[in-house]
Amino acid sequence: MASENSIYDITIIGGGPAGIFAGFYAGLRNARAQIIESLSELGGQVSALYPEKTILDVGGYPEIKARKLINQLEGQLRTVDTAVKLNQTVTDIQKNAAGYQITTNQETTLTKGIIIATGVGAFNPRKLAVDNSADFEGHNLFYSVKNLDQFKDQTVLVAGGGDSAIDEALLLEKVAKKVYLLHRRDKFRAMEHSVDQLKNSSIETVTPYLIKGLSSIAGGRVAVSAKKMKSDDMIELQVDKIVVNYGFIAQDDALNAWNVHPDVNRGTIRVQSSGLTDLENVFAIGDVSKYEGKEPLIATAFGEAPIAVNALMQSLYPDRRGPLHSTAMHKK
Ligand SMILES: Cc1cc2nc3c(=O)[nH]c(=O)nc-3n(C[C@H](O)[C@H](O)[C@H](O)COP(=O)(O)OP(=O)(O)OC[C@H]3O[C@@H](n4cnc5c(N)ncnc54)[C@H](O)[C@@H]3O)c2cc1C
C-alpha cells in the first residue's frame, strides 16, 4: 500500500509552456507535483520547433526569443518543488484506489489528479509529398528552423501559407541572401501583422504554386519544380535550402492507448471552462484542450494552467483555503 507521501497530488503530462507553468503554479499551491516529459528538454513545440523565433504575443514581453521564454519559465519552475522527469513518456494510465496509476517507459507512480498538457503530441510535420524528398532531408530540406546560422547567405525557399511559414520566412530574411515564399493559394492564412511585414519585406512570394519535384544540381543545391494551381504552367527555382511548413499531423493514438483516457477527438480533448475532462480529477490544458473559441497559443495555455490547478486542488482538498495572490502563496 502506497503511503500518502508517495502519492502525487498532481501529475502533469507534458512539459511544454502549458505543463511548465502548471508545474510552477502547482508548486505555489503547495501541491506535491510532477511533470513528465517525453523529450530530453522542457519547452514543447517552442524548444523543439522554433527556438530561434521572436515571439510577439506573450503578455509582458514586447518581444522575446522563443528559447529565452522557455529559459525564463524553467527559472520560474525551479523556485518551487515540482519534480521534473525528462525522457519519460506516459504509456498507460489505470484507475486505482489512490486516484490514478501512471506508467511511463521508466517507472510507475501514483497520483490523485492529472493535468494533461500533451500539446500536439508527437511532433510529426506534414511532409513534402514528393517521391524523393527523404533524400534531401537534413541538408537541403527542413521542416523547421532550429539553427539560423545554417541559412546564412543562402537562397532559401519556404513552402506554406500559414503564420508559421510567414514567421519562418521573415526570420530567414534576416540572414539569408534571398528568400522565396511559395504557397498554393494567392492569400496567406496568417495574422494581419505578419502579412503586413511580409508585404514590406524583400521576400519574393510565389503563388499559387505547389512543389512537384526536387532534383540535385551543382554545388549541393536543389532545383525545385513547382506547378501553378489549376494550370499546366511549371516553374523552376534553384535554391540552397527548402523549409516546408505544412503544419503537423495530430497524433491522438498515444492517448487512446492508455487504459483510462478522456474522450479524444482528432487529437484534442473537450473540456469544461475549468479544464476538467470527462474523467474525475483529470484536466487538460494547452493545445490539447478544446472548447468553443479556443485559440492554441502560449498566452492561452498560461491562463488555463492556474485555472486547472486551482480547480483540481479544490476538488482534492475542499477544506483548504482557495487561491490567493502569488505573493501570499510563495514561501521562499
Ligand atoms: C512554428 C510555430 C510557431 C508558433 N508561434 C507561436 C507564437 O508566436 N505565439 C504563440 O502564442 N504560439 C505560437 N505557437 C503555438 C505554441 O507553440 C503552442 O500553443 C504551445 O507550444 C502549446 O503549448 P503546450 O504546452 O500545450 O503543448 P506543446 O508545446 O506541444 O508541449 C507538449 C509537450 O508534451 C509532451 N508529450 C506529449 N505526449 C506525451 C506523453 N505521452 N508523455 C510525456 N510527454 C508527452 C511533448 O513532448 C511536448 O513537449 C507556434 C507553434 C508553431 C508550431
# chains A, B, ... in the order shown; residues from 1 in each chain; ligands from 1
$ residues_around --residues "Leu210 of chain A" --least-positions-apart "3" --cutoff "12 Å" --atoms "only C-alpha atoms" --output "count of residues only"
32
$ residues_around --residues "segment 6-10 of chain A" --least-positions-apart "5" --cutoff "6 Å" --atoms "only C-alpha atoms" --output "PyMOL selection string"
chain A and resi 31-33+110-114
$ select_by_dssp --residues "segment 157-249 of chain A" --states "strand (DSSP E or B)" --output "NGL selection string"
:A and (157-159 or 162 or 178-182 or 189 or 204-206 or 209-217 or 221-228 or 234-239 or 241-244 or 248)
$ residues_near_ligand --ligand "ligand 1" --cutoff "7 Å" --atoms "only C-alpha atoms and all ligand atoms" --output "PDB file with all heavy atoms, in the first residue's frame"
ATOM      1  N   ILE A  13       1.220  15.839 -17.412  1.00  0.00           N
ATOM      2  CA  ILE A  13       1.793  15.064 -18.529  1.00  0.00           C
ATOM      3  C   ILE A  13       2.091  16.023 -19.665  1.00  0.00           C
ATOM      4  O   ILE A  13       1.173  16.582 -20.282  1.00  0.00           O
ATOM      5  CB  ILE A  13       0.828  13.951 -18.983  1.00  0.00           C
ATOM      6  CG1 ILE A  13       0.415  13.091 -17.790  1.00  0.00           C
ATOM      7  CG2 ILE A  13       1.492  13.098 -20.068  1.00  0.00           C
ATOM      8  CD1 ILE A  13      -0.645  12.047 -18.118  1.00  0.00           C
ATOM      9  N   GLY A  14       3.383  16.236 -19.930  1.00  0.00           N
ATOM     10  CA  GLY A  14       3.800  17.165 -20.977  1.00  0.00           C
ATOM     11  C   GLY A  14       4.479  18.382 -20.373  1.00  0.00           C
ATOM     12  O   GLY A  14       3.940  19.018 -19.466  1.00  0.00           O
ATOM     13  N   GLY A  15       5.660  18.685 -20.875  1.00  0.00           N
ATOM     14  CA  GLY A  15       6.439  19.802 -20.339  1.00  0.00           C
ATOM     15  C   GLY A  15       6.619  20.917 -21.343  1.00  0.00           C
ATOM     16  O   GLY A  15       7.695  21.499 -21.469  1.00  0.00           O
ATOM     17  N   GLY A  16       5.553  21.244 -22.073  1.00  0.00           N
ATOM     18  CA  GLY A  16       5.566  22.424 -22.944  1.00  0.00           C
ATOM     19  C   GLY A  16       5.221  23.641 -22.093  1.00  0.00           C
ATOM     20  O   GLY A  16       5.174  23.553 -20.861  1.00  0.00           O
ATOM     21  N   PRO A  17       4.945  24.800 -22.715  1.00  0.00           N
ATOM     22  CA  PRO A  17       4.615  26.002 -21.931  1.00  0.00           C
ATOM     23  C   PRO A  17       3.469  25.757 -20.947  1.00  0.00           C
ATOM     24  O   PRO A  17       3.533  26.204 -19.798  1.00  0.00           O
ATOM     25  CB  PRO A  17       4.207  27.022 -22.989  1.00  0.00           C
ATOM     26  CG  PRO A  17       4.795  26.542 -24.260  1.00  0.00           C
ATOM     27  CD  PRO A  17       4.975  25.065 -24.162  1.00  0.00           C
ATOM     28  N   ALA A  18       2.435  25.024 -21.382  1.00  0.00           N
ATOM     29  CA  ALA A  18       1.286  24.777 -20.501  1.00  0.00           C
ATOM     30  C   ALA A  18       1.724  23.962 -19.286  1.00  0.00           C
ATOM     31  O   ALA A  18       1.412  24.308 -18.136  1.00  0.00           O
ATOM     32  CB  ALA A  18       0.186  24.039 -21.271  1.00  0.00           C
ATOM     33  N   GLY A  19       2.446  22.871 -19.539  1.00  0.00           N
ATOM     34  CA  GLY A  19       2.869  21.971 -18.460  1.00  0.00           C
ATOM     35  C   GLY A  19       3.845  22.639 -17.502  1.00  0.00           C
ATOM     36  O   GLY A  19       3.746  22.480 -16.271  1.00  0.00           O
ATOM     37  N   ILE A  36       5.916  15.132 -16.258  1.00  0.00           N
ATOM     38  CA  ILE A  36       6.537  14.039 -17.029  1.00  0.00           C
ATOM     39  C   ILE A  36       6.612  14.479 -18.484  1.00  0.00           C
ATOM     40  O   ILE A  36       5.605  14.857 -19.089  1.00  0.00           O
ATOM     41  CB  ILE A  36       5.710  12.748 -16.905  1.00  0.00           C
ATOM     42  CG1 ILE A  36       5.592  12.341 -15.431  1.00  0.00           C
ATOM     43  CG2 ILE A  36       6.342  11.632 -17.725  1.00  0.00           C
ATOM     44  CD1 ILE A  36       4.738  11.108 -15.187  1.00  0.00           C
ATOM     45  N   GLU A  37       7.821  14.452 -19.039  1.00  0.00           N
ATOM     46  CA  GLU A  37       8.033  14.950 -20.412  1.00  0.00           C
ATOM     47  C   GLU A  37       8.802  13.896 -21.225  1.00  0.00           C
ATOM     48  O   GLU A  37       9.822  13.400 -20.786  1.00  0.00           O
ATOM     49  CB  GLU A  37       8.798  16.285 -20.356  1.00  0.00           C
ATOM     50  CG  GLU A  37       9.376  16.768 -21.675  1.00  0.00           C
ATOM     51  CD  GLU A  37       8.355  16.913 -22.793  1.00  0.00           C
ATOM     52  OE1 GLU A  37       7.314  17.547 -22.605  1.00  0.00           O
ATOM     53  OE2 GLU A  37       8.608  16.357 -23.892  1.00  0.00           O
ATOM     54  N   SER A  38       8.293  13.616 -22.405  1.00  0.00           N
ATOM     55  CA  SER A  38       8.922  12.605 -23.284  1.00  0.00           C
ATOM     56  C   SER A  38      10.325  12.999 -23.744  1.00  0.00           C
ATOM     57  O   SER A  38      11.201  12.154 -23.866  1.00  0.00           O
ATOM     58  CB  SER A  38       8.146  12.462 -24.600  1.00  0.00           C
ATOM     59  OG  SER A  38       6.853  12.100 -24.416  1.00  0.00           O
ATOM     60  N   LEU A  39      10.479  14.274 -24.060  1.00  0.00           N
ATOM     61  CA  LEU A  39      11.739  14.708 -24.675  1.00  0.00           C
ATOM     62  C   LEU A  39      12.820  14.923 -23.618  1.00  0.00           C
ATOM     63  O   LEU A  39      12.553  14.879 -22.412  1.00  0.00           O
ATOM     64  CB  LEU A  39      11.512  16.000 -25.468  1.00  0.00           C
ATOM     65  CG  LEU A  39      10.461  15.904 -26.586  1.00  0.00           C
ATOM     66  CD1 LEU A  39      10.245  17.269 -27.239  1.00  0.00           C
ATOM     67  CD2 LEU A  39      10.871  14.874 -27.629  1.00  0.00           C
ATOM     68  N   LEU A  42      12.658  20.520 -21.598  1.00  0.00           N
ATOM     69  CA  LEU A  42      11.332  21.122 -21.481  1.00  0.00           C
ATOM     70  C   LEU A  42      11.124  22.116 -22.626  1.00  0.00           C
ATOM     71  O   LEU A  42      12.067  22.507 -23.300  1.00  0.00           O
ATOM     72  CB  LEU A  42      11.212  21.848 -20.132  1.00  0.00           C
ATOM     73  CG  LEU A  42      11.198  20.971 -18.880  1.00  0.00           C
ATOM     74  CD1 LEU A  42      11.198  21.847 -17.630  1.00  0.00           C
ATOM     75  CD2 LEU A  42       9.988  20.028 -18.854  1.00  0.00           C
ATOM     76  N   GLY A  43       9.877  22.526 -22.809  1.00  0.00           N
ATOM     77  CA  GLY A  43       9.620  23.602 -23.772  1.00  0.00           C
ATOM     78  C   GLY A  43       8.681  23.224 -24.899  1.00  0.00           C
ATOM     79  O   GLY A  43       8.232  24.095 -25.642  1.00  0.00           O
ATOM     80  N   GLY A  44       8.400  21.939 -25.060  1.00  0.00           N
ATOM     81  CA  GLY A  44       7.433  21.513 -26.069  1.00  0.00           C
ATOM     82  C   GLY A  44       7.778  22.026 -27.458  1.00  0.00           C
ATOM     83  O   GLY A  44       8.949  22.054 -27.850  1.00  0.00           O
ATOM     84  N   GLN A  45       6.742  22.443 -28.163  1.00  0.00           N
ATOM     85  CA  GLN A  45       6.940  22.908 -29.550  1.00  0.00           C
ATOM     86  C   GLN A  45       7.916  24.079 -29.607  1.00  0.00           C
ATOM     87  O   GLN A  45       8.654  24.231 -30.573  1.00  0.00           O
ATOM     88  CB  GLN A  45       5.606  23.392 -30.136  1.00  0.00           C
ATOM     89  CG  GLN A  45       4.561  22.325 -30.279  1.00  0.00           C
ATOM     90  CD  GLN A  45       3.199  22.934 -30.594  1.00  0.00           C
ATOM     91  OE1 GLN A  45       3.049  23.666 -31.560  1.00  0.00           O
ATOM     92  NE2 GLN A  45       2.213  22.628 -29.785  1.00  0.00           N
ATOM     93  N   VAL A  46       7.888  24.908 -28.569  1.00  0.00           N
ATOM     94  CA  VAL A  46       8.701  26.130 -28.592  1.00  0.00           C
ATOM     95  C   VAL A  46      10.191  25.772 -28.666  1.00  0.00           C
ATOM     96  O   VAL A  46      10.938  26.315 -29.488  1.00  0.00           O
ATOM     97  CB  VAL A  46       8.408  26.997 -27.346  1.00  0.00           C
ATOM     98  CG1 VAL A  46       9.117  28.324 -27.441  1.00  0.00           C
ATOM     99  CG2 VAL A  46       6.918  27.183 -27.164  1.00  0.00           C
ATOM    100  N   LEU A  49      10.651  23.152 -32.041  1.00  0.00           N
ATOM    101  CA  LEU A  49      10.360  23.558 -33.416  1.00  0.00           C
ATOM    102  C   LEU A  49      10.802  24.967 -33.784  1.00  0.00           C
ATOM    103  O   LEU A  49      11.093  25.241 -34.939  1.00  0.00           O
ATOM    104  CB  LEU A  49       8.853  23.439 -33.692  1.00  0.00           C
ATOM    105  CG  LEU A  49       8.262  22.049 -33.507  1.00  0.00           C
ATOM    106  CD1 LEU A  49       6.765  22.078 -33.745  1.00  0.00           C
ATOM    107  CD2 LEU A  49       8.910  21.055 -34.443  1.00  0.00           C
ATOM    108  N   TYR A  50      10.789  25.885 -32.824  1.00  0.00           N
ATOM    109  CA  TYR A  50      11.125  27.256 -33.242  1.00  0.00           C
ATOM    110  C   TYR A  50      11.893  28.042 -32.183  1.00  0.00           C
ATOM    111  O   TYR A  50      11.550  29.163 -31.851  1.00  0.00           O
ATOM    112  CB  TYR A  50       9.874  28.013 -33.705  1.00  0.00           C
ATOM    113  CG  TYR A  50       8.735  28.133 -32.706  1.00  0.00           C
ATOM    114  CD1 TYR A  50       8.580  29.269 -31.923  1.00  0.00           C
ATOM    115  CD2 TYR A  50       7.800  27.124 -32.549  1.00  0.00           C
ATOM    116  CE1 TYR A  50       7.536  29.397 -31.022  1.00  0.00           C
ATOM    117  CE2 TYR A  50       6.753  27.237 -31.653  1.00  0.00           C
ATOM    118  CZ  TYR A  50       6.625  28.373 -30.892  1.00  0.00           C
ATOM    119  OH  TYR A  50       5.587  28.502 -30.005  1.00  0.00           O
ATOM    120  N   ILE A  55       9.026  35.826 -30.402  1.00  0.00           N
ATOM    121  CA  ILE A  55       7.590  35.751 -30.094  1.00  0.00           C
ATOM    122  C   ILE A  55       7.105  37.147 -29.695  1.00  0.00           C
ATOM    123  O   ILE A  55       7.763  37.845 -28.929  1.00  0.00           O
ATOM    124  CB  ILE A  55       7.353  34.747 -28.937  1.00  0.00           C
ATOM    125  CG1 ILE A  55       7.848  33.358 -29.369  1.00  0.00           C
ATOM    126  CG2 ILE A  55       5.886  34.683 -28.554  1.00  0.00           C
ATOM    127  CD1 ILE A  55       7.721  32.302 -28.306  1.00  0.00           C
ATOM    128  N   LEU A  56       5.942  37.526 -30.234  1.00  0.00           N
ATOM    129  CA  LEU A  56       5.432  38.889 -30.013  1.00  0.00           C
ATOM    130  C   LEU A  56       4.152  38.929 -29.188  1.00  0.00           C
ATOM    131  O   LEU A  56       3.697  40.008 -28.819  1.00  0.00           O
ATOM    132  CB  LEU A  56       5.124  39.549 -31.371  1.00  0.00           C
ATOM    133  CG  LEU A  56       6.272  39.627 -32.368  1.00  0.00           C
ATOM    134  CD1 LEU A  56       5.780  40.204 -33.688  1.00  0.00           C
ATOM    135  CD2 LEU A  56       7.401  40.482 -31.817  1.00  0.00           C
ATOM    136  N   ASP A  57       3.556  37.748 -28.928  1.00  0.00           N
ATOM    137  CA  ASP A  57       2.219  37.791 -28.331  1.00  0.00           C
ATOM    138  C   ASP A  57       2.122  37.129 -26.965  1.00  0.00           C
ATOM    139  O   ASP A  57       1.152  36.450 -26.665  1.00  0.00           O
ATOM    140  CB  ASP A  57       1.194  37.177 -29.306  1.00  0.00           C
ATOM    141  CG  ASP A  57       1.583  35.792 -29.801  1.00  0.00           C
ATOM    142  OD1 ASP A  57       2.656  35.312 -29.398  1.00  0.00           O
ATOM    143  OD2 ASP A  57       0.825  35.190 -30.577  1.00  0.00           O
ATOM    144  N   VAL A  58       3.158  37.315 -26.148  1.00  0.00           N
ATOM    145  CA  VAL A  58       3.083  36.861 -24.755  1.00  0.00           C
ATOM    146  C   VAL A  58       3.076  38.108 -23.879  1.00  0.00           C
ATOM    147  O   VAL A  58       3.954  38.964 -24.019  1.00  0.00           O
ATOM    148  CB  VAL A  58       4.283  35.949 -24.394  1.00  0.00           C
ATOM    149  CG1 VAL A  58       4.289  35.638 -22.908  1.00  0.00           C
ATOM    150  CG2 VAL A  58       4.218  34.648 -25.186  1.00  0.00           C
ATOM    151  N   GLN A  88      10.751  10.633 -20.269  1.00  0.00           N
ATOM    152  CA  GLN A  88       9.750   9.646 -19.854  1.00  0.00           C
ATOM    153  C   GLN A  88       8.442   9.927 -20.585  1.00  0.00           C
ATOM    154  O   GLN A  88       7.915  11.031 -20.504  1.00  0.00           O
ATOM    155  CB  GLN A  88       9.497   9.728 -18.349  1.00  0.00           C
ATOM    156  CG  GLN A  88      10.655   9.208 -17.515  1.00  0.00           C
ATOM    157  CD  GLN A  88      10.221   8.874 -16.096  1.00  0.00           C
ATOM    158  OE1 GLN A  88       9.134   8.372 -15.862  1.00  0.00           O
ATOM    159  NE2 GLN A  88      11.099   9.172 -15.147  1.00  0.00           N
ATOM    160  N   THR A  89       7.954   8.913 -21.263  1.00  0.00           N
ATOM    161  CA  THR A  89       6.675   9.039 -21.960  1.00  0.00           C
ATOM    162  C   THR A  89       5.609   8.282 -21.181  1.00  0.00           C
ATOM    163  O   THR A  89       5.850   7.144 -20.772  1.00  0.00           O
ATOM    164  CB  THR A  89       6.797   8.441 -23.376  1.00  0.00           C
ATOM    165  OG1 THR A  89       7.784   9.188 -24.084  1.00  0.00           O
ATOM    166  CG2 THR A  89       5.477   8.498 -24.142  1.00  0.00           C
ATOM    167  N   VAL A  90       4.488   8.939 -20.945  1.00  0.00           N
ATOM    168  CA  VAL A  90       3.381   8.241 -20.264  1.00  0.00           C
ATOM    169  C   VAL A  90       2.772   7.261 -21.264  1.00  0.00           C
ATOM    170  O   VAL A  90       2.257   7.657 -22.311  1.00  0.00           O
ATOM    171  CB  VAL A  90       2.332   9.243 -19.743  1.00  0.00           C
ATOM    172  CG1 VAL A  90       1.111   8.503 -19.203  1.00  0.00           C
ATOM    173  CG2 VAL A  90       2.942  10.118 -18.670  1.00  0.00           C
ATOM    174  N   THR A  91       2.882   5.978 -20.928  1.00  0.00           N
ATOM    175  CA  THR A  91       2.408   4.943 -21.856  1.00  0.00           C
ATOM    176  C   THR A  91       1.081   4.342 -21.409  1.00  0.00           C
ATOM    177  O   THR A  91       0.385   3.724 -22.193  1.00  0.00           O
ATOM    178  CB  THR A  91       3.450   3.817 -21.981  1.00  0.00           C
ATOM    179  OG1 THR A  91       3.787   3.378 -20.653  1.00  0.00           O
ATOM    180  CG2 THR A  91       4.694   4.292 -22.690  1.00  0.00           C
ATOM    181  N   ALA A 117      -1.187  17.876 -20.574  1.00  0.00           N
ATOM    182  CA  ALA A 117      -0.695  19.051 -21.323  1.00  0.00           C
ATOM    183  C   ALA A 117       0.198  18.550 -22.448  1.00  0.00           C
ATOM    184  O   ALA A 117       1.335  18.983 -22.601  1.00  0.00           O
ATOM    185  CB  ALA A 117       0.060  19.990 -20.373  1.00  0.00           C
ATOM    186  N   THR A 118      -0.338  17.600 -23.198  1.00  0.00           N
ATOM    187  CA  THR A 118       0.480  16.914 -24.203  1.00  0.00           C
ATOM    188  C   THR A 118       0.538  17.651 -25.543  1.00  0.00           C
ATOM    189  O   THR A 118       1.151  17.150 -26.490  1.00  0.00           O
ATOM    190  CB  THR A 118      -0.041  15.476 -24.433  1.00  0.00           C
ATOM    191  OG1 THR A 118      -1.465  15.534 -24.618  1.00  0.00           O
ATOM    192  CG2 THR A 118       0.247  14.581 -23.243  1.00  0.00           C
ATOM    193  N   GLY A 119      -0.089  18.803 -25.624  1.00  0.00           N
ATOM    194  CA  GLY A 119       0.012  19.626 -26.830  1.00  0.00           C
ATOM    195  C   GLY A 119      -0.444  18.889 -28.066  1.00  0.00           C
ATOM    196  O   GLY A 119      -1.467  18.203 -28.063  1.00  0.00           O
ATOM    197  N   VAL A 120       0.375  18.995 -29.109  1.00  0.00           N
ATOM    198  CA  VAL A 120       0.008  18.334 -30.362  1.00  0.00           C
ATOM    199  C   VAL A 120       0.523  16.894 -30.373  1.00  0.00           C
ATOM    200  O   VAL A 120       0.510  16.234 -31.402  1.00  0.00           O
ATOM    201  CB  VAL A 120       0.548  19.100 -31.591  1.00  0.00           C
ATOM    202  CG1 VAL A 120      -0.204  20.394 -31.778  1.00  0.00           C
ATOM    203  CG2 VAL A 120       2.039  19.357 -31.473  1.00  0.00           C
ATOM    204  N   GLY A 121       1.005  16.410 -29.213  1.00  0.00           N
ATOM    205  CA  GLY A 121       1.532  15.046 -29.156  1.00  0.00           C
ATOM    206  C   GLY A 121       2.889  14.988 -29.826  1.00  0.00           C
ATOM    207  O   GLY A 121       3.634  15.960 -29.806  1.00  0.00           O
ATOM    208  N   ALA A 122       3.165  13.847 -30.419  1.00  0.00           N
ATOM    209  CA  ALA A 122       4.457  13.711 -31.102  1.00  0.00           C
ATOM    210  C   ALA A 122       4.511  14.724 -32.251  1.00  0.00           C
ATOM    211  O   ALA A 122       3.508  14.990 -32.897  1.00  0.00           O
ATOM    212  CB  ALA A 122       4.588  12.299 -31.639  1.00  0.00           C
ATOM    213  N   SER A 164       3.105  30.234 -39.340  1.00  0.00           N
ATOM    214  CA  SER A 164       4.444  29.703 -39.098  1.00  0.00           C
ATOM    215  C   SER A 164       5.328  29.864 -40.325  1.00  0.00           C
ATOM    216  O   SER A 164       6.519  30.170 -40.207  1.00  0.00           O
ATOM    217  CB  SER A 164       4.378  28.228 -38.721  1.00  0.00           C
ATOM    218  OG  SER A 164       3.557  28.074 -37.622  1.00  0.00           O
ATOM    219  N   ALA A 254      -1.603   7.938 -29.094  1.00  0.00           N
ATOM    220  CA  ALA A 254      -0.891   7.711 -27.834  1.00  0.00           C
ATOM    221  C   ALA A 254      -1.867   7.798 -26.657  1.00  0.00           C
ATOM    222  O   ALA A 254      -1.874   6.923 -25.788  1.00  0.00           O
ATOM    223  CB  ALA A 254       0.217   8.731 -27.686  1.00  0.00           C
ATOM    224  N   LEU A 255      -2.707   8.833 -26.640  1.00  0.00           N
ATOM    225  CA  LEU A 255      -3.656   8.996 -25.535  1.00  0.00           C
ATOM    226  C   LEU A 255      -4.702   7.885 -25.561  1.00  0.00           C
ATOM    227  O   LEU A 255      -5.093   7.353 -24.519  1.00  0.00           O
ATOM    228  CB  LEU A 255      -4.355  10.355 -25.625  1.00  0.00           C
ATOM    229  CG  LEU A 255      -3.716  11.514 -24.862  1.00  0.00           C
ATOM    230  CD1 LEU A 255      -2.322  11.815 -25.365  1.00  0.00           C
ATOM    231  CD2 LEU A 255      -4.578  12.758 -24.969  1.00  0.00           C
ATOM    232  N   ILE A 285      -5.107  20.990 -20.537  1.00  0.00           N
ATOM    233  CA  ILE A 285      -4.800  22.411 -20.793  1.00  0.00           C
ATOM    234  C   ILE A 285      -3.879  22.525 -22.005  1.00  0.00           C
ATOM    235  O   ILE A 285      -3.299  21.539 -22.441  1.00  0.00           O
ATOM    236  CB  ILE A 285      -4.134  23.093 -19.569  1.00  0.00           C
ATOM    237  CG1 ILE A 285      -2.816  22.378 -19.215  1.00  0.00           C
ATOM    238  CG2 ILE A 285      -5.065  23.123 -18.373  1.00  0.00           C
ATOM    239  CD1 ILE A 285      -1.973  23.131 -18.178  1.00  0.00           C
ATOM    240  N   GLY A 286      -3.721  23.745 -22.498  1.00  0.00           N
ATOM    241  CA  GLY A 286      -2.814  23.978 -23.622  1.00  0.00           C
ATOM    242  C   GLY A 286      -3.421  23.476 -24.924  1.00  0.00           C
ATOM    243  O   GLY A 286      -4.629  23.281 -25.031  1.00  0.00           O
ATOM    244  N   ASP A 287      -2.558  23.226 -25.894  1.00  0.00           N
ATOM    245  CA  ASP A 287      -3.038  22.909 -27.250  1.00  0.00           C
ATOM    246  C   ASP A 287      -3.926  21.667 -27.308  1.00  0.00           C
ATOM    247  O   ASP A 287      -4.725  21.530 -28.231  1.00  0.00           O
ATOM    248  CB  ASP A 287      -1.847  22.692 -28.191  1.00  0.00           C
ATOM    249  CG  ASP A 287      -1.270  23.996 -28.700  1.00  0.00           C
ATOM    250  OD1 ASP A 287      -1.615  25.053 -28.137  1.00  0.00           O
ATOM    251  OD2 ASP A 287      -0.467  23.961 -29.650  1.00  0.00           O
ATOM    252  N   VAL A 288      -3.773  20.755 -26.356  1.00  0.00           N
ATOM    253  CA  VAL A 288      -4.555  19.512 -26.424  1.00  0.00           C
ATOM    254  C   VAL A 288      -6.008  19.733 -26.009  1.00  0.00           C
ATOM    255  O   VAL A 288      -6.878  18.917 -26.326  1.00  0.00           O
ATOM    256  CB  VAL A 288      -3.882  18.410 -25.561  1.00  0.00           C
ATOM    257  CG1 VAL A 288      -4.121  18.624 -24.068  1.00  0.00           C
ATOM    258  CG2 VAL A 288      -4.390  17.028 -25.957  1.00  0.00           C
ATOM    259  N   PRO A 296      -5.150  28.079 -29.794  1.00  0.00           N
ATOM    260  CA  PRO A 296      -3.966  27.363 -29.314  1.00  0.00           C
ATOM    261  C   PRO A 296      -2.725  28.255 -29.297  1.00  0.00           C
ATOM    262  O   PRO A 296      -1.938  28.273 -30.224  1.00  0.00           O
ATOM    263  CB  PRO A 296      -3.826  26.202 -30.316  1.00  0.00           C
ATOM    264  CG  PRO A 296      -4.491  26.690 -31.558  1.00  0.00           C
ATOM    265  CD  PRO A 296      -5.501  27.729 -31.176  1.00  0.00           C
ATOM    266  N   LEU A 297      -2.606  29.030 -28.238  1.00  0.00           N
ATOM    267  CA  LEU A 297      -1.495  29.981 -28.100  1.00  0.00           C
ATOM    268  C   LEU A 297      -0.837  29.798 -26.739  1.00  0.00           C
ATOM    269  O   LEU A 297      -1.457  29.282 -25.796  1.00  0.00           O
ATOM    270  CB  LEU A 297      -2.026  31.422 -28.172  1.00  0.00           C
ATOM    271  CG  LEU A 297      -2.571  31.894 -29.509  1.00  0.00           C
ATOM    272  CD1 LEU A 297      -3.270  33.240 -29.339  1.00  0.00           C
ATOM    273  CD2 LEU A 297      -1.442  32.017 -30.526  1.00  0.00           C
ATOM    274  N   ILE A 298       0.375  30.292 -26.611  1.00  0.00           N
ATOM    275  CA  ILE A 298       1.092  30.220 -25.338  1.00  0.00           C
ATOM    276  C   ILE A 298       0.325  31.012 -24.272  1.00  0.00           C
ATOM    277  O   ILE A 298       0.142  30.553 -23.143  1.00  0.00           O
ATOM    278  CB  ILE A 298       2.525  30.770 -25.511  1.00  0.00           C
ATOM    279  CG1 ILE A 298       3.300  29.885 -26.490  1.00  0.00           C
ATOM    280  CG2 ILE A 298       3.243  30.870 -24.178  1.00  0.00           C
ATOM    281  CD1 ILE A 298       4.572  30.503 -27.024  1.00  0.00           C
ATOM    282  N   ALA A 299      -0.145  32.206 -24.661  1.00  0.00           N
ATOM    283  CA  ALA A 299      -0.863  33.046 -23.690  1.00  0.00           C
ATOM    284  C   ALA A 299      -2.113  32.319 -23.179  1.00  0.00           C
ATOM    285  O   ALA A 299      -2.462  32.425 -21.999  1.00  0.00           O
ATOM    286  CB  ALA A 299      -1.244  34.373 -24.340  1.00  0.00           C
ATOM    287  N   ALA A 301      -2.495  29.064 -22.929  1.00  0.00           N
ATOM    288  CA  ALA A 301      -2.021  27.989 -22.034  1.00  0.00           C
ATOM    289  C   ALA A 301      -1.685  28.567 -20.657  1.00  0.00           C
ATOM    290  O   ALA A 301      -1.991  27.962 -19.620  1.00  0.00           O
ATOM    291  CB  ALA A 301      -0.797  27.309 -22.638  1.00  0.00           C
TER     292      ALA A 301
END
$ closest_residue --among "A:Lys199, A:Phe248, A:Leu312, A:Glu107" --to "Thr277 of chain A" --atoms "only C-alpha atoms"
A:Leu312
$ residues_around --residues "Gly219 of chain A" --least-positions-apart "5" --cutoff "12 Å" --atoms "only C-alpha atoms" --output "list in words"
Asn140, Gln154, Gln238, Val239, Asp240 and Lys241 of chain A
$ atom_distance --atom1 "atom CA of Val222 of chain A" --atom2 "atom CA of Lys178 of chain A"
14.4 Å
$ atom_distance --atom1 "atom CA of Glu292 of chain A" --atom2 "atom CA of Glu304 of chain A"
13.9 Å
$ closest_residue --among "A:Asp263, A:Glu173, A:Asp196, A:Asp81" --to "Thr155 of chain A" --atoms "only C-alpha atoms"
A:Glu173
$ select_by_dssp --residues "segment 93-326 of chain A" --states "alpha helix (DSSP H)" --output "PyMOL selection string"
chain A and resi 163-173+192-199+253-256+298-316+326
$ residues_around --residues "Ile249 of chain A" --least-positions-apart "6" --cutoff "7 Å" --atoms "only C-alpha atoms" --output "PyMOL selection string"
chain A and resi 124-126
$ write_last_selection --atoms "C-alpha atoms" --output "compact mmCIF listing (two decimals), in the first residue's frame"
# COMPACT_ATOMS: atom_id res chain seq x y z
CA ASN A 124 5.24 14.83 -36.88
CA PRO A 125 5.41 17.50 -39.53
CA ARG A 126 3.28 17.05 -42.61
$ residues_around --residues "Gln94 of chain A" --least-positions-apart "4" --cutoff "6 Å" --atoms "only C-alpha atoms" --output "list in words"
Tyr100, Gln101, Asn259 and Val260 of chain A
$ atom_distance --atom1 "atom CA of Ala257 of chain A" --atom2 "atom CA of Thr103 of chain A"
12.0 Å
$ closest_residue --among "A:Ile115, A:Pro306, A:Thr54, A:Met191" --to "His325 of chain A" --atoms "only C-alpha atoms"
A:Pro306
$ closest_residue --among "A:Ser289, A:Asn132, A:Thr109, A:Ser315" --to "Arg266 of chain A" --atoms "only C-alpha atoms"
A:Ser289
